[in-house]
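> Next comes the structure file target.csv, holding CSV, C-alpha atoms.
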chain,number,residue,atom,x,y,z
R,2,MET,CA,4.8,-26.6,14.2
R,3,ARG,CA,1.4,-25.1,15.0
R,4,GLU,CA,-1.7,-26.0,13.0
R,5,VAL,CA,-4.6,-23.6,12.1
R,6,GLU,CA,-7.2,-23.5,9.4
R,7,VAL,CA,-6.2,-20.0,8.2
R,8,VAL,CA,-3.2,-17.7,8.5
R,9,VAL,CA,-3.6,-14.0,8.0
R,10,ILE,CA,-0.4,-12.2,7.1
R,11,GLY,CA,-0.6,-8.5,7.8
R,12,ALA,CA,-2.7,-6.4,10.2
R,13,GLY,CA,-3.4,-3.3,8.2
R,14,GLN,CA,-6.9,-2.5,6.9
R,15,ALA,CA,-7.0,-5.6,4.7
R,16,GLY,CA,-5.7,-8.1,7.2
R,17,LEU,CA,-8.0,-6.8,10.0
R,18,ALA,CA,-11.0,-6.9,7.6
R,19,GLY,CA,-10.2,-10.6,6.9
R,20,ALA,CA,-9.7,-11.4,10.6
R,21,TYR,CA,-13.0,-9.7,11.5
R,22,HIS,CA,-15.0,-11.8,9.0
R,23,LEU,CA,-13.2,-15.0,10.1
R,24,ARG,CA,-14.2,-14.2,13.7
R,25,ARG,CA,-17.7,-13.2,12.8
R,26,THR,CA,-18.3,-16.4,10.9
R,27,GLY,CA,-17.2,-18.7,13.8
R,28,PHE,CA,-13.4,-19.0,13.5
R,29,GLU,CA,-11.7,-18.6,16.8
R,30,PRO,CA,-8.4,-16.7,17.0
R,31,GLU,CA,-5.3,-18.8,17.9
R,32,ARG,CA,-7.4,-22.0,17.6
R,33,ASP,CA,-8.7,-21.7,14.0
R,34,PHE,CA,-6.8,-18.7,12.7
R,35,VAL,CA,-3.8,-16.5,13.5
R,36,VAL,CA,-2.9,-13.0,12.5
R,37,LEU,CA,0.8,-12.3,12.0
R,38,ASP,CA,2.0,-8.7,11.7
R,39,HIS,CA,5.6,-7.6,11.4
R,40,SER,CA,5.0,-4.0,12.5
R,41,PRO,CA,5.9,-3.0,16.1
R,42,GLY,CA,2.3,-2.0,16.9
R,43,PRO,CA,-1.2,-1.5,15.6
R,44,GLY,CA,-2.0,0.8,12.7
R,45,GLY,CA,-0.7,-0.9,9.6
R,46,ALA,CA,1.2,1.4,7.3
R,47,TRP,CA,-0.6,4.4,8.8
R,48,GLN,CA,1.7,4.3,11.8
R,49,PHE,CA,4.7,5.2,9.6
R,50,ARG,CA,3.1,8.2,7.9
R,51,TRP,CA,4.8,11.6,8.2
R,52,PRO,CA,3.5,13.9,11.0
R,53,SER,CA,2.3,16.6,8.6
R,54,LEU,CA,-0.2,14.2,7.1
R,55,THR,CA,-3.1,15.1,9.5
R,56,TYR,CA,-6.3,13.0,9.6
R,57,GLY,CA,-8.1,15.8,7.9
R,58,LYS,CA,-5.8,15.4,4.8
R,59,VAL,CA,-6.4,11.7,4.5
R,60,HIS,CA,-8.4,10.9,1.3
R,61,GLY,CA,-11.2,8.3,1.4
R,62,MET,CA,-10.3,6.6,4.7
R,63,HIS,CA,-13.1,4.0,5.1
R,64,ALA,CA,-13.9,2.6,8.5
R,65,LEU,CA,-13.0,-1.0,9.4
R,66,PRO,CA,-16.0,-3.4,9.3
R,67,GLY,CA,-18.1,-3.4,12.4
R,68,MET,CA,-16.8,-0.2,14.0
R,69,GLU,CA,-16.9,3.3,12.8
R,70,LEU,CA,-14.2,5.9,13.4
R,71,THR,CA,-16.0,8.9,14.9
R,72,GLY,CA,-15.0,12.1,16.6
R,73,ALA,CA,-11.4,12.2,15.4
R,74,ASP,CA,-9.7,15.6,15.4
R,75,PRO,CA,-8.8,16.4,11.8
R,76,ALA,CA,-5.8,18.4,13.0
R,77,ARG,CA,-4.1,15.4,14.7
R,78,PRO,CA,-1.5,13.4,12.7
R,79,SER,CA,-3.2,10.5,10.9
R,80,SER,CA,-0.5,8.1,12.3
R,81,GLU,CA,-1.8,8.8,15.8
R,82,VAL,CA,-5.5,8.7,15.0
R,83,LEU,CA,-5.4,5.5,13.1
R,84,ARG,CA,-2.9,3.8,15.4
R,85,GLU,CA,-5.4,4.3,18.2
R,86,TYR,CA,-8.3,3.3,16.1
R,87,PHE,CA,-6.7,0.0,15.0
R,88,ASP,CA,-5.6,-0.7,18.5
R,89,THR,CA,-9.1,-0.3,19.8
R,90,TYR,CA,-10.5,-2.4,17.0
R,91,GLU,CA,-8.1,-5.3,17.6
R,92,ARG,CA,-9.0,-5.3,21.3
R,93,THR,CA,-12.8,-4.9,20.7
R,94,PHE,CA,-13.0,-7.9,18.5
R,95,ASP,CA,-10.3,-9.9,20.3
R,96,LEU,CA,-8.3,-10.6,17.2
R,97,ARG,CA,-5.1,-11.4,19.1
R,98,VAL,CA,-2.6,-10.1,16.5
R,99,ARG,CA,0.9,-11.5,17.0
R,100,ARG,CA,3.6,-9.0,16.5
R,101,PRO,CA,6.3,-8.3,15.7
R,102,VAL,CA,6.5,-11.5,13.5
R,103,ASP,CA,8.3,-11.5,10.2
R,104,VAL,CA,7.0,-13.9,7.7
R,105,ARG,CA,10.0,-15.3,5.8
R,106,VAL,CA,8.5,-17.7,3.3
R,107,VAL,CA,5.3,-19.6,2.5
R,108,ARG,CA,5.9,-23.1,0.9
R,109,GLU,CA,4.1,-26.3,0.2
R,110,GLY,CA,3.6,-28.6,3.1
R,111,GLU,CA,2.2,-32.1,3.4
R,112,GLY,CA,-1.4,-33.2,2.9
R,113,GLY,CA,-2.4,-30.2,0.9
R,114,ARG,CA,-1.4,-27.8,3.7
R,115,LEU,CA,0.8,-24.7,3.5
R,116,LEU,CA,3.8,-24.0,5.7
R,117,VAL,CA,4.2,-20.3,6.8
R,118,GLU,CA,7.8,-20.0,8.1
R,119,THR,CA,8.3,-16.9,10.4
R,120,SER,CA,10.7,-15.4,12.9
R,121,GLU,CA,8.5,-17.0,15.6
R,122,GLY,CA,8.3,-20.5,14.2
R,123,THR,CA,6.2,-22.3,11.6
R,124,TRP,CA,2.5,-22.5,11.1
R,125,SER,CA,0.8,-25.2,9.1
R,126,THR,CA,-2.5,-23.9,7.5
R,127,ARG,CA,-5.1,-25.0,5.0
R,128,ALA,CA,-5.7,-21.4,3.6
R,129,LEU,CA,-3.9,-18.1,3.6
R,130,ILE,CA,-5.0,-14.5,3.5
R,131,ASN,CA,-2.1,-12.4,2.3
R,132,ALA,CA,-2.6,-8.8,3.3
R,133,THR,CA,0.9,-7.5,3.2
R,134,GLY,CA,0.2,-4.3,1.3
R,135,THR,CA,3.0,-2.3,-0.3
R,136,TRP,CA,4.6,0.0,2.3
R,137,ASP,CA,7.6,-2.2,2.9
R,138,ARG,CA,8.6,-2.2,-0.8
R,139,PRO,CA,9.1,1.4,-2.0
R,140,PHE,CA,10.0,1.7,-5.7
R,141,TRP,CA,13.2,3.5,-6.5
R,142,PRO,CA,13.7,4.1,-10.2
R,143,ARG,CA,17.3,3.8,-11.6
R,144,TYR,CA,18.8,6.6,-13.7
R,145,PRO,CA,22.2,7.2,-15.1
R,146,GLY,CA,24.5,9.0,-12.6
R,147,GLN,CA,22.3,8.3,-9.6
R,148,GLU,CA,25.2,7.1,-7.5
R,149,THR,CA,27.2,10.4,-8.2
R,150,PHE,CA,24.6,12.8,-6.7
R,151,ARG,CA,26.2,14.6,-3.7
R,152,GLY,CA,23.0,15.7,-2.2
R,153,ARG,CA,20.4,13.6,-0.4
R,154,GLN,CA,18.0,11.1,-2.0
R,155,LEU,CA,15.0,9.8,-0.1
R,156,HIS,CA,11.7,8.1,-0.9
R,157,THR,CA,8.2,9.0,0.2
R,158,ALA,CA,8.4,6.2,2.8
R,159,GLN,CA,11.2,8.2,4.5
R,160,TYR,CA,9.5,11.6,4.2
R,161,PRO,CA,10.2,13.6,7.4
R,162,GLY,CA,7.9,16.5,6.9
R,163,PRO,CA,8.4,19.8,5.2
R,164,GLU,CA,10.4,21.6,7.8
R,165,LYS,CA,13.4,19.4,7.1
R,166,PHE,CA,13.7,21.0,3.6
R,167,ALA,CA,14.1,24.6,4.7
R,168,GLY,CA,16.5,26.5,2.5
R,169,LEU,CA,17.1,23.6,0.2
R,170,ARG,CA,16.6,23.1,-3.6
R,171,VAL,CA,14.3,20.1,-3.9
R,172,ILE,CA,13.3,18.0,-6.9
R,173,VAL,CA,10.2,15.9,-6.4
R,174,VAL,CA,9.8,13.0,-8.8
R,175,GLY,CA,6.3,11.5,-9.2
R,176,GLY,CA,2.9,12.4,-10.4
R,177,GLY,CA,0.8,10.8,-7.7
R,178,ALA,CA,-1.1,12.1,-4.7
R,179,SER,CA,2.0,11.9,-2.4
R,180,GLY,CA,4.2,13.8,-4.9
R,181,THR,CA,1.7,16.7,-5.1
R,182,GLN,CA,1.2,16.8,-1.4
R,183,HIS,CA,4.9,16.8,-0.7
R,184,LEU,CA,5.4,19.7,-3.2
R,185,LEU,CA,2.7,21.8,-1.7
R,186,GLU,CA,4.0,21.3,1.8
R,187,ILE,CA,7.7,21.8,0.9
R,188,ALA,CA,7.4,24.8,-1.3
R,189,PRO,CA,6.9,27.4,1.5
R,190,TYR,CA,10.1,26.1,3.2
R,191,ALA,CA,12.4,25.3,0.3
R,192,ALA,CA,14.7,27.6,-1.6
R,193,ALA,CA,13.3,26.1,-4.8
R,194,THR,CA,11.2,23.2,-5.9
R,195,THR,CA,11.0,21.3,-9.2
R,196,TRP,CA,8.3,18.8,-10.1
R,197,VAL,CA,9.3,16.0,-12.5
R,198,THR,CA,7.0,13.2,-13.8
R,199,ARG,CA,7.3,10.5,-16.5
R,200,ARG,CA,3.9,11.4,-17.9
R,201,PRO,CA,1.8,14.6,-17.8
R,202,PRO,CA,-0.4,14.7,-14.7
R,203,VAL,CA,-4.1,14.0,-15.3
R,204,PHE,CA,-6.3,16.2,-13.1
R,205,ARG,CA,-9.8,15.0,-12.4
R,206,GLU,CA,-12.6,17.5,-12.3
R,207,GLY,CA,-15.8,16.9,-10.4
R,208,PRO,CA,-16.6,14.5,-7.5
R,209,PHE,CA,-15.4,11.0,-7.2
R,210,THR,CA,-18.7,9.3,-7.6
R,211,GLU,CA,-19.5,5.6,-7.2
R,212,ASP,CA,-19.7,5.2,-11.0
R,213,VAL,CA,-16.2,6.7,-11.3
R,214,GLY,CA,-14.9,4.4,-8.5
R,215,ARG,CA,-16.5,1.3,-10.1
R,216,ALA,CA,-14.9,2.1,-13.5
R,217,ALA,CA,-11.5,2.5,-11.8
R,218,VAL,CA,-11.8,-0.8,-10.0
R,219,ALA,CA,-12.8,-2.5,-13.2
R,220,LEU,CA,-9.6,-1.4,-14.9
R,221,VAL,CA,-7.4,-2.6,-12.1
R,222,GLU,CA,-9.4,-5.9,-11.9
R,223,GLU,CA,-8.8,-6.5,-15.6
R,224,ARG,CA,-5.0,-6.1,-15.1
R,225,VAL,CA,-4.7,-8.6,-12.2
R,226,ARG,CA,-7.0,-11.0,-14.0
R,227,GLN,CA,-4.4,-11.0,-16.8
R,228,GLY,CA,-1.6,-11.6,-14.3
R,229,LEU,CA,-0.1,-8.1,-14.7
R,230,PRO,CA,1.2,-6.1,-11.7
R,231,PRO,CA,-1.4,-3.6,-10.4
R,232,LYS,CA,-0.9,0.0,-11.6
R,233,SER,CA,-0.8,3.0,-9.3
R,234,VAL,CA,-4.2,4.3,-8.1
R,235,VAL,CA,-3.6,7.8,-9.6
R,236,SER,CA,-3.0,6.2,-13.0
R,237,VAL,CA,-6.5,5.0,-13.0
R,238,THR,CA,-8.4,7.7,-11.0
R,239,GLY,CA,-6.4,10.9,-11.8
R,240,LEU,CA,-5.5,13.7,-9.4
R,241,PRO,CA,-8.5,15.4,-7.8
R,242,LEU,CA,-8.5,19.1,-8.8
R,243,ASN,CA,-9.2,20.6,-5.4
R,244,ASP,CA,-8.6,24.1,-4.1
R,245,ALA,CA,-5.0,23.3,-2.9
R,246,ILE,CA,-4.1,21.8,-6.3
R,247,ARG,CA,-5.6,24.8,-8.1
R,248,GLN,CA,-3.6,27.2,-5.9
R,249,GLY,CA,-0.4,25.1,-6.5
R,250,ILE,CA,-0.9,25.4,-10.2
R,251,ALA,CA,-1.5,29.1,-10.0
R,252,ASP,CA,1.6,29.7,-7.9
R,253,GLY,CA,3.8,27.7,-10.3
R,254,VAL,CA,4.6,25.0,-7.7
R,255,LEU,CA,2.8,22.3,-9.7
R,256,ASP,CA,4.5,23.3,-13.0
R,257,ARG,CA,5.6,19.9,-14.2
R,258,LEU,CA,8.7,19.1,-16.2
R,259,PRO,CA,9.2,15.9,-18.1
R,260,MET,CA,11.5,13.2,-16.7
R,261,PHE,CA,15.2,14.1,-16.7
R,262,ASP,CA,17.7,11.9,-18.6
R,263,ARG,CA,20.5,11.7,-16.0
R,264,ILE,CA,21.5,12.7,-12.5
R,265,THR,CA,24.7,14.6,-12.0
R,266,PRO,CA,26.7,15.3,-8.8
R,267,ASP,CA,24.8,18.7,-8.5
R,268,GLY,CA,21.4,17.9,-9.8
R,269,VAL,CA,19.7,16.6,-13.0
R,270,GLU,CA,20.0,17.1,-16.7
R,271,TRP,CA,18.0,16.6,-19.8
R,272,ASP,CA,19.3,15.8,-23.3
R,273,ASP,CA,18.1,19.1,-24.6
R,274,GLY,CA,20.7,20.9,-22.4
R,275,ARG,CA,18.4,21.9,-19.6
R,276,ARG,CA,19.6,21.4,-16.1
R,277,VAL,CA,18.4,21.9,-12.5
R,278,ASP,CA,20.7,22.1,-9.5
R,279,ALA,CA,19.4,20.4,-6.4
R,280,ASP,CA,20.3,19.5,-2.8
R,281,VAL,CA,17.6,16.8,-2.4
R,282,ILE,CA,15.8,14.4,-4.8
R,283,LEU,CA,12.6,13.1,-3.2
R,284,TRP,CA,11.3,10.0,-5.0
R,285,ALA,CA,7.5,10.0,-4.7
R,286,THR,CA,7.4,7.0,-7.1
R,287,GLY,CA,5.1,4.7,-5.3
R,288,PHE,CA,5.4,1.2,-4.0
R,289,ARG,CA,5.2,-2.4,-5.2
R,290,ALA,CA,3.2,-5.3,-3.7
R,291,VAL,CA,5.0,-7.2,-0.9
R,292,ILE,CA,4.7,-10.8,-2.2
R,293,ASP,CA,8.2,-12.2,-2.5
R,294,HIS,CA,7.5,-14.5,0.5
R,295,LEU,CA,5.1,-16.3,-1.8
R,296,ALA,CA,7.7,-17.1,-4.4
R,297,PRO,CA,8.1,-20.9,-3.6
R,298,LEU,CA,4.4,-21.3,-4.6
R,299,ARG,CA,5.2,-20.1,-8.2
R,300,LEU,CA,2.1,-17.8,-8.4
R,301,ARG,CA,3.6,-15.2,-10.6
R,302,GLU,CA,2.5,-15.0,-14.3
R,303,PRO,CA,4.9,-14.2,-17.2
R,304,GLY,CA,3.5,-10.6,-17.0
R,305,GLY,CA,5.1,-10.2,-13.5
R,306,GLY,CA,1.9,-10.2,-11.3
R,307,ILE,CA,-0.3,-12.8,-9.7
R,308,ARG,CA,-3.4,-13.6,-11.6
R,309,VAL,CA,-6.3,-13.0,-9.3
R,310,GLU,CA,-10.1,-13.5,-9.6
R,311,GLY,CA,-11.9,-11.8,-6.9
R,312,THR,CA,-9.3,-12.2,-4.2
R,313,ARG,CA,-8.3,-15.8,-5.0
R,314,ALA,CA,-5.0,-16.6,-6.7
R,315,VAL,CA,-6.0,-18.5,-9.9
R,316,ALA,CA,-3.0,-20.7,-9.6
R,317,ASP,CA,-3.8,-21.8,-6.0
R,318,PRO,CA,-7.3,-21.4,-4.5
R,319,ARG,CA,-5.8,-21.7,-1.0
R,320,ILE,CA,-4.3,-18.2,-1.4
R,321,HIS,CA,-6.3,-15.0,-1.2
R,322,LEU,CA,-4.7,-11.6,-1.8
R,323,VAL,CA,-6.6,-8.9,0.1
R,324,GLY,CA,-5.4,-5.3,-0.4
R,325,TYR,CA,-3.9,-6.3,-3.7
R,326,GLY,CA,-5.0,-4.8,-7.0
R,327,PRO,CA,-8.6,-3.7,-7.0
R,328,SER,CA,-8.9,-4.2,-3.2
R,329,ALA,CA,-6.0,-1.9,-2.4
R,330,SER,CA,-8.4,1.0,-1.4
R,331,THR,CA,-9.7,1.1,2.2
R,332,ILE,CA,-13.2,0.3,1.2
R,333,GLY,CA,-12.0,-2.3,-1.3
R,334,ALA,CA,-10.0,-4.0,1.4
R,335,ASN,CA,-13.1,-4.3,3.6
R,336,ARG,CA,-15.2,-5.9,0.8
R,337,ALA,CA,-12.4,-8.1,-0.2
R,338,GLY,CA,-11.9,-9.4,3.4
R,339,ARG,CA,-15.5,-10.5,3.4
R,340,ALA,CA,-15.3,-12.1,0.0
R,341,ALA,CA,-12.1,-14.0,0.8
R,342,VAL,CA,-13.5,-15.5,4.0
R,343,ARG,CA,-16.6,-16.6,2.1
R,344,ASP,CA,-14.5,-18.4,-0.4
R,345,ILE,CA,-12.2,-19.9,2.3
R,346,ARG,CA,-15.2,-21.3,4.1
R,347,ARG,CA,-16.3,-23.0,0.9
R,348,LEU,CA,-12.8,-24.3,0.3
R,349,LEU,CA,-12.5,-25.7,3.8
R,350,ALA,CA,-15.9,-27.4,3.4
R,351,GLY,CA,-14.7,-29.1,0.3
R,352,GLU,CA,-16.9,-27.1,-2.1
R,353,ARG,CA,-15.7,-25.9,-5.5
R,354,VAL,CA,-14.7,-22.2,-5.3
R,355,THR,CA,-15.4,-19.9,-8.2
R,356,ALA,CA,-14.4,-16.3,-8.8
R,357,ALA,CA,-16.2,-13.7,-6.8
Is it possible to express this structure as structure tokens?

Amino acid sequence: MREVEVVVIGAGQAGLAGAYHLRRTGFEPERDFVVLDHSPGPGGAWQFRWPSLTYGKVHGMHALPGMELTGADPARPSSEVLREYFDTYERTFDLRVRRPVDVRVVREGEGGRLLVETSEGTWSTRALINATGTWDRPFWPRYPGQETFRGRQLHTAQYPGPEKFAGLRVIVVGGGASGTQHLLEIAPYAAATTWVTRRPPVFREGPFTEDVGRAAVALVEERVRQGLPPKSVVSVTGLPLNDAIRQGIADGVLDRLPMFDRITPDGVEWDDGRRVDADVILWATGFRAVIDHLAPLRLREPGGGIRVEGTRAVADPRIHLVGYGPSASTIGANRAGRAAVRDIRRLLAGERVTAA
């Protein structure tokens, strides 16, 4: 049993932001706090992104606090650029991330402390920054006949790049940014592509201003404040209508069909008799928050989410969720890391903590 003041779970953007602000305000790594990360190396979820997602295609990547990312080649894979950046960041600020460490469960300890049980032993802590993101929990919808499909089904998390779809008939399911990116990349290689979404896509004209961003964050904040699971980013912001999207619409690649009713051995069918044959179904259907390890603390509300004010779990002020809900964006994670540490310092000092 090792005792610290704060455990940070996850070393992606949100976890490193929290660790940075802990360090900056006087907490010593390994003595006062520890950062646990289950990934094999630095880079958070970025290290697992597909090779064709170059740094120049990354939307809205915001620098980690205290160190800008400059001079990156936009043609290099984002996985390489950001893995190197995160690695340099961890070493520069001496954050001493422990990896690979799998956090199995967080439960109540003695004396008001929390027990964080992991593959490398147990830590006892007074506060927790949960920054586990979503990458490890891809969402796979279930549809009748799914198990009968003779082709290949894969999720965005397994996307290998467009060349692997050469000569194949591909159905892409999902109306988010990854779904449209996959379609535009795959179309020149595939024999045919079909785009299927549950709702008509919403394309956003004009720049993504600060006012637009604040309005989107406010909508997500209201959901988590009510204890509802966060919705996808694109459901709030819409898809940016850039030149690539316009060309995809003009070429018929982004010609959306409503969601099919069943999957057959050879493709998909709708109740109106329409059918599309396919070799591959690519589920670009998003991810869910990785929070099952917190289950013993009974933080979930009847709506299925964790009720959060600022970053603090309303049901337990020792728990801060950074990178969850409104702080899921890269700039949001940075701000949330700072806010979480401010509240944790108050908590540890015995002050009453209120919402950010």
> For R:Phe140, which residue out of R:Val291, R:Val7, R:Ala340, R:Ile320 is the nearest one, using only C-alpha atoms?
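Nearest to R:Phe140: R:Val291.
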> What lies within 9 Å of R:Phe94 using all atoms listed in the file, ignoring chain neighbours under 5 positions off, as a list in words?
Tyr21, Arg24 and Thr89 of chain R
> I'd like to know which of R:Trp51, R:Phe34, R:Trp124, R:Phe87 is closest to R:Gln182, using only C-alpha atoms.
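Among R:Trp51, R:Phe34, R:Trp124, R:Phe87, it is R:Trp51 that comes nearest to R:Gln182.
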> Nearest residue to R:Arg301 out of R:Ala64, R:Val225, R:Val237, R:Val5, using all atoms listed in the file?
R:Val225
> Between R:Arg226, R:Lys165, R:Lys58, R:Arg100, which is the closest to R:Val35 once you count all atoms listed in the file?
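Of all the options, R:Arg100 lies closest to R:Val35.
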> As an exercise, work out the distance from atom CA of R:Gly177 to atom CA of R:Val203 in Å and give it to one decimal place.
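Separating atom CA of R:Gly177 from atom CA of R:Val203 is a distance of 9.6 Å.
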> Rounded to one decimal in Å, what is the spacing between atom CA of R:Gly45 and atom CA of R:Pro241?
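Separation between atom CA of R:Gly45 and atom CA of R:Pro241: 25.1 Å.
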> Using all atoms listed in the file, determine which residues lie at most 7 Å from R:Ile345, disregarding the query and same-chain residues fewer than 4 positions distant; provide the list as an NGL selection string.
:R and (128 or 341 or 349)
> Pull C-alpha atoms from the residues just selected and write them as a compact mmCIF listing (two decimals), in the frame of the given file.

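Saved result, again20.txt, follows:
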# COMPACT_ATOMS: atom_id res chain seq x y z
CA ALA R 128 -5.70 -21.40 3.60
CA ALA R 341 -12.10 -14.00 0.80
CA LEU R 349 -12.50 -25.70 3.80
> What's the 8 Å shell around R:Ser53, counting all atoms listed in the file, without same-chain residues fewer than 5 positions away, as a ChimeraX atom specification?
/R:78,162-163
> Within 10 Å of R:Arg308, counting only C-alpha atoms, which residues qualify if same-chain residues fewer than 5 places away don't, as a ChimeraX atom specification?
/R:222-230,300-302,313-317
> Given the choices R:Arg170, R:Arg275, R:His183, R:His39, which gets closest to R:Arg263 if the distance is worked out from all atoms listed in the file?
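Of all the options, R:Arg275 lies closest to R:Arg263.
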> Which is closer to R:Thr265 than all the others in R:Asp103, R:Asp95, R:Glu186, R:Glu148, using only C-alpha atoms?
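The answer is R:Glu148, which sits nearest to R:Thr265.
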> Applying 7 Å and only C-alpha atoms, which residues near R:Val107 remain after dropping the ones on its own chain fewer than 6 positions away? List them as a ChimeraX atom specification.
/R:115-118,294-295,297
